[in-house]
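Trainee: The structure that follows is given in the form of structure tokens.
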Amino acid sequence: MYLTIQGIVLRVTDYNDRDALLTLLTRRHGKLTVKARGLRRKNSPLTAPCQLLAYGEFTLFEYRGQYTINEAHSMELFTPLRRDLTKLSLGTYFGQTAEVLSQEDQPSPELQSLLLNCLYALSSLDLPEKLIKAVYELRAACLSGYTPDLFGCHVCGSQSPDRFDLSAGQLECRNCRSPESNGIRMPVTPSLLEAMRYICLCDPKRLFSFQIGDETLEQLAALTEAYLTTQLERGFSTLDFYKSLLN
């Protein structure tokens, strides 16, 4: 049986001297593992559409639940991204998180669109990397069931909370913290909360249609990274590598 899908390459793993296994993020089928025969051969026609973070159309042959690429065509390679190691490493981090957040046989149209939009922003828009990273992390968390409660202190209901609980994903006031609670809190400001609410609730086509000051952006970038890694209870090797390049 043949299946035609559009997907983003999240991972490329050597399978033997000639072949490779690809992890794709698709709209209808979620995460798929497929075999690319002959990918490691010189001048393979699969080289371009099967490279990491490429977006393409793949015709797959399915046999006993396993997929093999019969034909592939590139739709977007994000070429400018590949000329900048720092941006490419950040895009790879996006891909690794998408692999963790997606599931096989579970449609992922919104996550795929988010990943495509953020890769395009990295590749072609004149935006700070920290902003793109923060938008991706918080929006990806929301799409995966980790939407934070950003509308008032969860204890007293105050509309002027000054702390965000990373584990619980909720706001609180300094004086409302329970003595028994040992979760990590990060400070929040009105401008930071406004930015977070926008990212969580805006139309997907307007993810980057907001302005933010430099100080607030620093706070946002730190909080979204800490929130996503806390909720997933894991770190990311690609994130560590990206940070090493910045340092």
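Residues are named by chain letter and number: chains run A, B, ... in the order of the structure tokens, numbers start at 1 in each chain, and ligands are numbered from 1 in the order shown.
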Can you tell me which residues surround Gly152 (chain A) at a distance of at most 10 Å, considering only C-alpha atoms, apart from same-chain residues fewer than 5 positions away, and format the answer as a PyMOL selection string?

Mentor: chain A and resi 157-162+170-173

Trainee: Selection from above, C-alpha atoms, as a PDB file, in the first residue's frame, can you write it?

Mentor:
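Writing the result to part-v2.pdb gives the following:
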ATOM      1  CA  GLY A 157      -7.592  35.518  42.682  1.00  0.00           C
ATOM      2  CA  SER A 158      -5.562  38.742  42.624  1.00  0.00           C
ATOM      3  CA  GLN A 159      -5.001  40.157  39.156  1.00  0.00           C
ATOM      4  CA  SER A 160      -1.526  41.329  40.192  1.00  0.00           C
ATOM      5  CA  PRO A 161       0.394  38.125  40.971  1.00  0.00           C
ATOM      6  CA  ASP A 162       4.173  38.332  41.023  1.00  0.00           C
ATOM      7  CA  GLN A 170      -0.044  28.760  37.715  1.00  0.00           C
ATOM      8  CA  LEU A 171       0.350  32.230  39.198  1.00  0.00           C
ATOM      9  CA  GLU A 172       0.444  33.295  42.815  1.00  0.00           C
ATOM     10  CA  CYS A 173       1.234  36.252  45.029  1.00  0.00           C
TER      11      CYS A 173
END

Trainee: I'd like the neighbourhood of Glu225 (chain A) as a ChimeraX atom specification, where a residue qualifies if any of its atoms comes within 12 Å (using only C-alpha atoms), though same-chain residues fewer than 6 positions away should be ignored.

Mentor: /A:93-94,97,130-141,166,186,218-219,231-236,239-240,243

Trainee: Out of region 52-208 of chain A, which residues get alpha helix (DSSP H) from DSSP, as a PyMOL selection string?

Mentor: chain A and resi 85-101+109-124+129-143+190-201

Trainee: Can you measure CA of Thr238 (chain A) to CA of Asp203 (chain A) for me? One decimal in Å is fine.

Mentor: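 Rounded to one decimal, the two atoms are 28.4 Å apart.
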
Trainee: Show me a table, sorted first by chain and then by increasing residue number, of the residues of region 3-85 of chain A having an atom at most 8 Å from region 109-120 of chain A, each with its shortest atom pair and the distance in Å to one decimal, counting only C-alpha atoms and written as a Markdown table.

Mentor:
| residue | atom | partner | partner_atom | distance |
| --- | --- | --- | --- | --- |
| A:Ile8 | CA | A:Gln112 | CA | 7.7 |
| A:Leu25 | CA | A:Gln112 | CA | 6.5 |
| A:Thr26 | CA | A:Gln112 | CA | 6.7 |
| A:Arg27 | CA | A:Pro109 | CA | 4.2 |
| A:Arg28 | CA | A:Pro109 | CA | 6.9 |
| A:Gly30 | CA | A:Pro109 | CA | 8.0 |
| A:Phe78 | CA | A:Tyr120 | CA | 6.8 |
| A:Leu81 | CA | A:Leu119 | CA | 8.0 |

Trainee: What does the file look like for those residues with N, CA, C and O atoms, as a short mmCIF file (atom, residue, chain, number, x, y, z; two decimals), in the first residue's frame?

Mentor:
data_model
loop_
_atom_site.label_atom_id
_atom_site.label_comp_id
_atom_site.auth_asym_id
_atom_site.auth_seq_id
_atom_site.Cartn_x
_atom_site.Cartn_y
_atom_site.Cartn_z
N ILE A 8 8.03 16.93 8.13
CA ILE A 8 9.30 17.57 8.48
C ILE A 8 10.21 16.50 9.05
O ILE A 8 9.80 15.71 9.91
N LEU A 25 7.57 14.36 11.18
CA LEU A 25 6.38 14.92 11.82
C LEU A 25 5.38 15.25 10.73
O LEU A 25 5.65 16.10 9.87
N THR A 26 4.23 14.58 10.74
CA THR A 26 3.21 14.76 9.71
C THR A 26 1.93 15.33 10.33
O THR A 26 1.75 15.27 11.54
N ARG A 27 1.08 15.84 9.48
CA ARG A 27 -0.17 16.42 9.96
C ARG A 27 -1.17 15.33 10.36
O ARG A 27 -1.74 15.36 11.44
N ARG A 28 -1.37 14.35 9.49
CA ARG A 28 -2.44 13.36 9.70
C ARG A 28 -2.02 12.17 10.53
O ARG A 28 -2.85 11.56 11.22
N GLY A 30 0.84 12.11 12.67
CA GLY A 30 1.73 12.41 13.78
C GLY A 30 3.16 12.05 13.45
O GLY A 30 3.66 12.34 12.36
N PHE A 78 14.69 25.55 4.03
CA PHE A 78 15.17 26.58 4.98
C PHE A 78 16.67 26.81 4.78
O PHE A 78 17.47 26.77 5.73
N LEU A 81 18.88 29.07 6.98
CA LEU A 81 19.09 28.51 8.31
C LEU A 81 20.34 27.64 8.33
O LEU A 81 21.08 27.61 9.33
#

Trainee: Output as number ranges by chain all residues of region 22-229 of chain A that backbone DSSP marks as strand (DSSP E).

Mentor: A: 22-26, 31-36, 55-63, 66-76, 149-153, 163-165, 170-172, 185-187

Trainee: Find the residues near Leu150 (chain A): any atom within 9 Å, counting only C-alpha atoms, skip ones fewer than 4 places away on the same chain, and give them as a compact mmCIF listing (two decimals) with N, CA and C atoms, in the first residue's frame.

Mentor:
# COMPACT_ATOMS: atom_id res chain seq x y z
N PHE A 164 5.36 32.83 39.30
CA PHE A 164 4.83 31.77 38.44
C PHE A 164 5.43 30.46 38.90
N GLY A 169 2.26 25.33 36.89
CA GLY A 169 1.83 26.13 35.76
C GLY A 169 0.78 27.15 36.12
N GLN A 170 0.95 27.80 37.28
CA GLN A 170 -0.04 28.76 37.71
C GLN A 170 0.61 29.92 38.46
N LEU A 171 -0.14 31.00 38.59
CA LEU A 171 0.35 32.23 39.20
C LEU A 171 -0.01 32.29 40.68
N LEU A 193 3.52 38.90 31.73
CA LEU A 193 2.26 38.17 31.68
C LEU A 193 1.48 38.48 30.42
N MET A 196 3.02 36.48 27.61
CA MET A 196 2.71 35.06 27.74
C MET A 196 1.27 34.77 27.34
N ARG A 197 0.35 35.61 27.76
CA ARG A 197 -1.06 35.42 27.40
C ARG A 197 -1.25 35.53 25.89

Trainee: Return the single residue from A:Glu129, A:Leu10, A:Leu46, A:Asn182 that is closest to Phe208 (chain A), with distances computed using only C-alpha atoms.

Mentor: A:Glu129

Trainee: Between A:Arg83, A:Glu194, A:Ser144, A:Arg37, which residue has the minimum interatomic distance to Asn16 (chain A), considering only C-alpha atoms?

Mentor: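 Going through A:Arg83, A:Glu194, A:Ser144, A:Arg37 one by one, the smallest distance to Asn16 (chain A) is for A:Arg37.
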
Trainee: Taking only C-alpha atoms into account, name the residue in A:Leu207, A:Ala168, A:Ile184, A:Ala121 that is nearest to Asp149 (chain A).

Mentor: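 When distances to Asp149 (chain A) are compared using only C-alpha atoms, the smallest one comes from A:Ala168.
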
Trainee: Residues at most 10 Å from Glu71 (chain A), counting only C-alpha atoms, excluding those fewer than 6 positions away in the same chain, as a list of chain:residue names?

Mentor: A:Thr4, A:Ala36, A:Pro45, A:Leu46, A:Pro49, A:Glu57, A:Phe58, A:Thr59, A:Leu60, A:Phe61

Trainee: As an exercise, work out the distance from CA of Gln106 (chain A) to CA of Leu32 (chain A) in Å and give it to one decimal place.

Mentor: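 It comes out at 9.9 Å.
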
Trainee: Separation of CA of Val12 (chain A) and CA of Thr92 (chain A), in Å?

Mentor: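 Spanning CA of Val12 (chain A) to CA of Thr92 (chain A) is a straight-line distance of 11.4 Å.
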
Trainee: Set the distance at 10 Å and use only C-alpha atoms: which residues neighbour Lys35 (chain A) once local chain neighbours fewer than 4 positions away are removed? I'd like the list as a PDB file with all heavy atoms, in the first residue's frame.

Mentor:
ATOM      1  N   VAL A  12      17.522  11.958  11.693  1.00  0.00           N
ATOM      2  CA  VAL A  12      18.100  11.063  10.690  1.00  0.00           C
ATOM      3  C   VAL A  12      19.083  10.149  11.412  1.00  0.00           C
ATOM      4  O   VAL A  12      20.031  10.624  12.040  1.00  0.00           O
ATOM      5  CB  VAL A  12      18.817  11.834   9.568  1.00  0.00           C
ATOM      6  CG1 VAL A  12      19.373  10.860   8.537  1.00  0.00           C
ATOM      7  CG2 VAL A  12      17.879  12.840   8.909  1.00  0.00           C
ATOM      8  N   THR A  13      18.857   8.827  11.325  1.00  0.00           N
ATOM      9  CA  THR A  13      19.696   7.853  12.016  1.00  0.00           C
ATOM     10  C   THR A  13      20.258   6.863  11.009  1.00  0.00           C
ATOM     11  O   THR A  13      19.501   6.263  10.238  1.00  0.00           O
ATOM     12  CB  THR A  13      18.883   7.088  13.079  1.00  0.00           C
ATOM     13  OG1 THR A  13      18.260   8.024  13.967  1.00  0.00           O
ATOM     14  CG2 THR A  13      19.786   6.146  13.881  1.00  0.00           C
ATOM     15  N   ASP A  14      21.571   6.707  11.016  1.00  0.00           N
ATOM     16  CA  ASP A  14      22.188   5.731  10.117  1.00  0.00           C
ATOM     17  C   ASP A  14      21.664   4.332  10.438  1.00  0.00           C
ATOM     18  O   ASP A  14      21.597   3.929  11.603  1.00  0.00           O
ATOM     19  CB  ASP A  14      23.716   5.749  10.265  1.00  0.00           C
ATOM     20  CG  ASP A  14      24.322   7.054   9.776  1.00  0.00           C
ATOM     21  OD1 ASP A  14      23.627   7.796   9.066  1.00  0.00           O
ATOM     22  OD2 ASP A  14      25.493   7.308  10.108  1.00  0.00           O
ATOM     23  N   TYR A  15      21.310   3.606   9.374  1.00  0.00           N
ATOM     24  CA  TYR A  15      20.759   2.254   9.551  1.00  0.00           C
ATOM     25  C   TYR A  15      21.775   1.190   9.162  1.00  0.00           C
ATOM     26  O   TYR A  15      21.927   0.182   9.823  1.00  0.00           O
ATOM     27  CB  TYR A  15      19.485   2.117   8.712  1.00  0.00           C
ATOM     28  CG  TYR A  15      18.767   0.802   8.880  1.00  0.00           C
ATOM     29  CD1 TYR A  15      18.128   0.491  10.070  1.00  0.00           C
ATOM     30  CD2 TYR A  15      18.728  -0.129   7.836  1.00  0.00           C
ATOM     31  CE1 TYR A  15      17.469  -0.722  10.231  1.00  0.00           C
ATOM     32  CE2 TYR A  15      18.071  -1.333   7.982  1.00  0.00           C
ATOM     33  CZ  TYR A  15      17.445  -1.622   9.176  1.00  0.00           C
ATOM     34  OH  TYR A  15      16.800  -2.823   9.337  1.00  0.00           O
ATOM     35  N   ASP A  19      21.622   2.824   4.024  1.00  0.00           N
ATOM     36  CA  ASP A  19      20.284   3.296   4.357  1.00  0.00           C
ATOM     37  C   ASP A  19      20.279   4.140   5.636  1.00  0.00           C
ATOM     38  O   ASP A  19      21.261   4.225   6.361  1.00  0.00           O
ATOM     39  CB  ASP A  19      19.339   2.107   4.533  1.00  0.00           C
ATOM     40  CG  ASP A  19      19.379   1.145   3.362  1.00  0.00           C
ATOM     41  OD1 ASP A  19      19.701   1.607   2.247  1.00  0.00           O
ATOM     42  OD2 ASP A  19      19.100  -0.052   3.568  1.00  0.00           O
ATOM     43  N   ALA A  20      19.126   4.750   5.886  1.00  0.00           N
ATOM     44  CA  ALA A  20      18.931   5.535   7.104  1.00  0.00           C
ATOM     45  C   ALA A  20      17.478   5.433   7.524  1.00  0.00           C
ATOM     46  O   ALA A  20      16.592   5.114   6.720  1.00  0.00           O
ATOM     47  CB  ALA A  20      19.329   6.995   6.882  1.00  0.00           C
ATOM     48  N   LEU A  21      17.243   5.703   8.796  1.00  0.00           N
ATOM     49  CA  LEU A  21      15.888   5.786   9.329  1.00  0.00           C
ATOM     50  C   LEU A  21      15.576   7.256   9.608  1.00  0.00           C
ATOM     51  O   LEU A  21      16.387   7.965  10.202  1.00  0.00           O
ATOM     52  CB  LEU A  21      15.751   4.976  10.618  1.00  0.00           C
ATOM     53  CG  LEU A  21      15.903   3.464  10.504  1.00  0.00           C
ATOM     54  CD1 LEU A  21      15.801   2.820  11.879  1.00  0.00           C
ATOM     55  CD2 LEU A  21      14.850   2.882   9.565  1.00  0.00           C
ATOM     56  N   LEU A  22      14.407   7.682   9.173  1.00  0.00           N
ATOM     57  CA  LEU A  22      13.966   9.061   9.375  1.00  0.00           C
ATOM     58  C   LEU A  22      12.777   9.096  10.319  1.00  0.00           C
ATOM     59  O   LEU A  22      11.900   8.235  10.257  1.00  0.00           O
ATOM     60  CB  LEU A  22      13.552   9.691   8.041  1.00  0.00           C
ATOM     61  CG  LEU A  22      14.616  10.390   7.200  1.00  0.00           C
ATOM     62  CD1 LEU A  22      15.750   9.442   6.841  1.00  0.00           C
ATOM     63  CD2 LEU A  22      13.989  10.976   5.939  1.00  0.00           C
ATOM     64  N   THR A  23      12.773  10.090  11.188  1.00  0.00           N
ATOM     65  CA  THR A  23      11.595  10.385  11.991  1.00  0.00           C
ATOM     66  C   THR A  23      10.941  11.627  11.405  1.00  0.00           C
ATOM     67  O   THR A  23      11.578  12.688  11.325  1.00  0.00           O
ATOM     68  CB  THR A  23      11.955  10.642  13.460  1.00  0.00           C
ATOM     69  OG1 THR A  23      12.631   9.498  13.994  1.00  0.00           O
ATOM     70  CG2 THR A  23      10.701  10.901  14.281  1.00  0.00           C
ATOM     71  N   LEU A  39      19.949   6.245   1.036  1.00  0.00           N
ATOM     72  CA  LEU A  39      20.142   7.658   1.367  1.00  0.00           C
ATOM     73  C   LEU A  39      21.620   8.005   1.541  1.00  0.00           C
ATOM     74  O   LEU A  39      22.055   9.098   1.207  1.00  0.00           O
ATOM     75  CB  LEU A  39      19.373   8.006   2.648  1.00  0.00           C
ATOM     76  CG  LEU A  39      19.547   9.433   3.175  1.00  0.00           C
ATOM     77  CD1 LEU A  39      19.077  10.449   2.141  1.00  0.00           C
ATOM     78  CD2 LEU A  39      18.788   9.625   4.490  1.00  0.00           C
ATOM     79  N   LEU A  60       5.260   6.835   0.505  1.00  0.00           N
ATOM     80  CA  LEU A  60       5.747   5.723   1.315  1.00  0.00           C
ATOM     81  C   LEU A  60       5.097   4.418   0.880  1.00  0.00           C
ATOM     82  O   LEU A  60       3.915   4.391   0.516  1.00  0.00           O
ATOM     83  CB  LEU A  60       5.436   5.971   2.799  1.00  0.00           C
ATOM     84  CG  LEU A  60       5.851   7.315   3.383  1.00  0.00           C
ATOM     85  CD1 LEU A  60       5.394   7.405   4.840  1.00  0.00           C
ATOM     86  CD2 LEU A  60       7.351   7.532   3.274  1.00  0.00           C
ATOM     87  N   PHE A  61       5.877   3.370   0.949  1.00  0.00           N
ATOM     88  CA  PHE A  61       5.347   2.026   0.741  1.00  0.00           C
ATOM     89  C   PHE A  61       5.235   1.360   2.099  1.00  0.00           C
ATOM     90  O   PHE A  61       6.207   1.274   2.848  1.00  0.00           O
ATOM     91  CB  PHE A  61       6.263   1.206  -0.171  1.00  0.00           C
ATOM     92  CG  PHE A  61       5.797  -0.216  -0.351  1.00  0.00           C
ATOM     93  CD1 PHE A  61       4.661  -0.510  -1.092  1.00  0.00           C
ATOM     94  CD2 PHE A  61       6.490  -1.271   0.245  1.00  0.00           C
ATOM     95  CE1 PHE A  61       4.224  -1.813  -1.243  1.00  0.00           C
ATOM     96  CE2 PHE A  61       6.066  -2.578   0.097  1.00  0.00           C
ATOM     97  CZ  PHE A  61       4.927  -2.859  -0.653  1.00  0.00           C
ATOM     98  N   GLN A  66       5.436  -1.242   8.504  1.00  0.00           N
ATOM     99  CA  GLN A  66       6.690  -0.539   8.327  1.00  0.00           C
ATOM    100  C   GLN A  66       6.665   0.254   7.020  1.00  0.00           C
ATOM    101  O   GLN A  66       6.137  -0.221   6.012  1.00  0.00           O
ATOM    102  CB  GLN A  66       7.870  -1.511   8.340  1.00  0.00           C
ATOM    103  CG  GLN A  66       8.023  -2.244   9.679  1.00  0.00           C
ATOM    104  CD  GLN A  66       9.257  -3.121   9.719  1.00  0.00           C
ATOM    105  OE1 GLN A  66       9.751  -3.555   8.680  1.00  0.00           O
ATOM    106  NE2 GLN A  66       9.765  -3.376  10.911  1.00  0.00           N
ATOM    107  N   TYR A  67       7.264   1.458   7.067  1.00  0.00           N
ATOM    108  CA  TYR A  67       7.214   2.359   5.919  1.00  0.00           C
ATOM    109  C   TYR A  67       8.594   2.528   5.303  1.00  0.00           C
ATOM    110  O   TYR A  67       9.598   2.688   6.004  1.00  0.00           O
ATOM    111  CB  TYR A  67       6.687   3.735   6.339  1.00  0.00           C
ATOM    112  CG  TYR A  67       5.258   3.727   6.826  1.00  0.00           C
ATOM    113  CD1 TYR A  67       4.966   3.610   8.185  1.00  0.00           C
ATOM    114  CD2 TYR A  67       4.200   3.843   5.928  1.00  0.00           C
ATOM    115  CE1 TYR A  67       3.658   3.606   8.644  1.00  0.00           C
ATOM    116  CE2 TYR A  67       2.884   3.839   6.372  1.00  0.00           C
ATOM    117  CZ  TYR A  67       2.623   3.722   7.724  1.00  0.00           C
ATOM    118  OH  TYR A  67       1.319   3.710   8.175  1.00  0.00           O
ATOM    119  N   THR A  68       8.609   2.520   3.961  1.00  0.00           N
ATOM    120  CA  THR A  68       9.834   2.767   3.211  1.00  0.00           C
ATOM    121  C   THR A  68       9.554   3.872   2.198  1.00  0.00           C
ATOM    122  O   THR A  68       8.496   3.875   1.551  1.00  0.00           O
ATOM    123  CB  THR A  68      10.308   1.510   2.473  1.00  0.00           C
ATOM    124  OG1 THR A  68      10.540   0.463   3.427  1.00  0.00           O
ATOM    125  CG2 THR A  68      11.595   1.775   1.703  1.00  0.00           C
ATOM    126  N   ILE A  69      10.492   4.819   2.066  1.00  0.00           N
ATOM    127  CA  ILE A  69      10.307   5.914   1.118  1.00  0.00           C
ATOM    128  C   ILE A  69      10.468   5.399  -0.300  1.00  0.00           C
ATOM    129  O   ILE A  69      11.506   4.832  -0.650  1.00  0.00           O
ATOM    130  CB  ILE A  69      11.313   7.042   1.388  1.00  0.00           C
ATOM    131  CG1 ILE A  69      11.073   7.640   2.775  1.00  0.00           C
ATOM    132  CG2 ILE A  69      11.197   8.136   0.316  1.00  0.00           C
ATOM    133  CD1 ILE A  69      12.083   8.693   3.164  1.00  0.00           C
ATOM    134  N   ASN A  70       9.432   5.605  -1.093  1.00  0.00           N
ATOM    135  CA  ASN A  70       9.488   5.241  -2.503  1.00  0.00           C
ATOM    136  C   ASN A  70       9.920   6.439  -3.355  1.00  0.00           C
ATOM    137  O   ASN A  70      10.637   6.294  -4.339  1.00  0.00           O
ATOM    138  CB  ASN A  70       8.121   4.734  -2.963  1.00  0.00           C
ATOM    139  CG  ASN A  70       8.147   4.208  -4.387  1.00  0.00           C
ATOM    140  OD1 ASN A  70       8.745   3.179  -4.659  1.00  0.00           O
ATOM    141  ND2 ASN A  70       7.493   4.931  -5.303  1.00  0.00           N
TER     142      ASN A  70
END
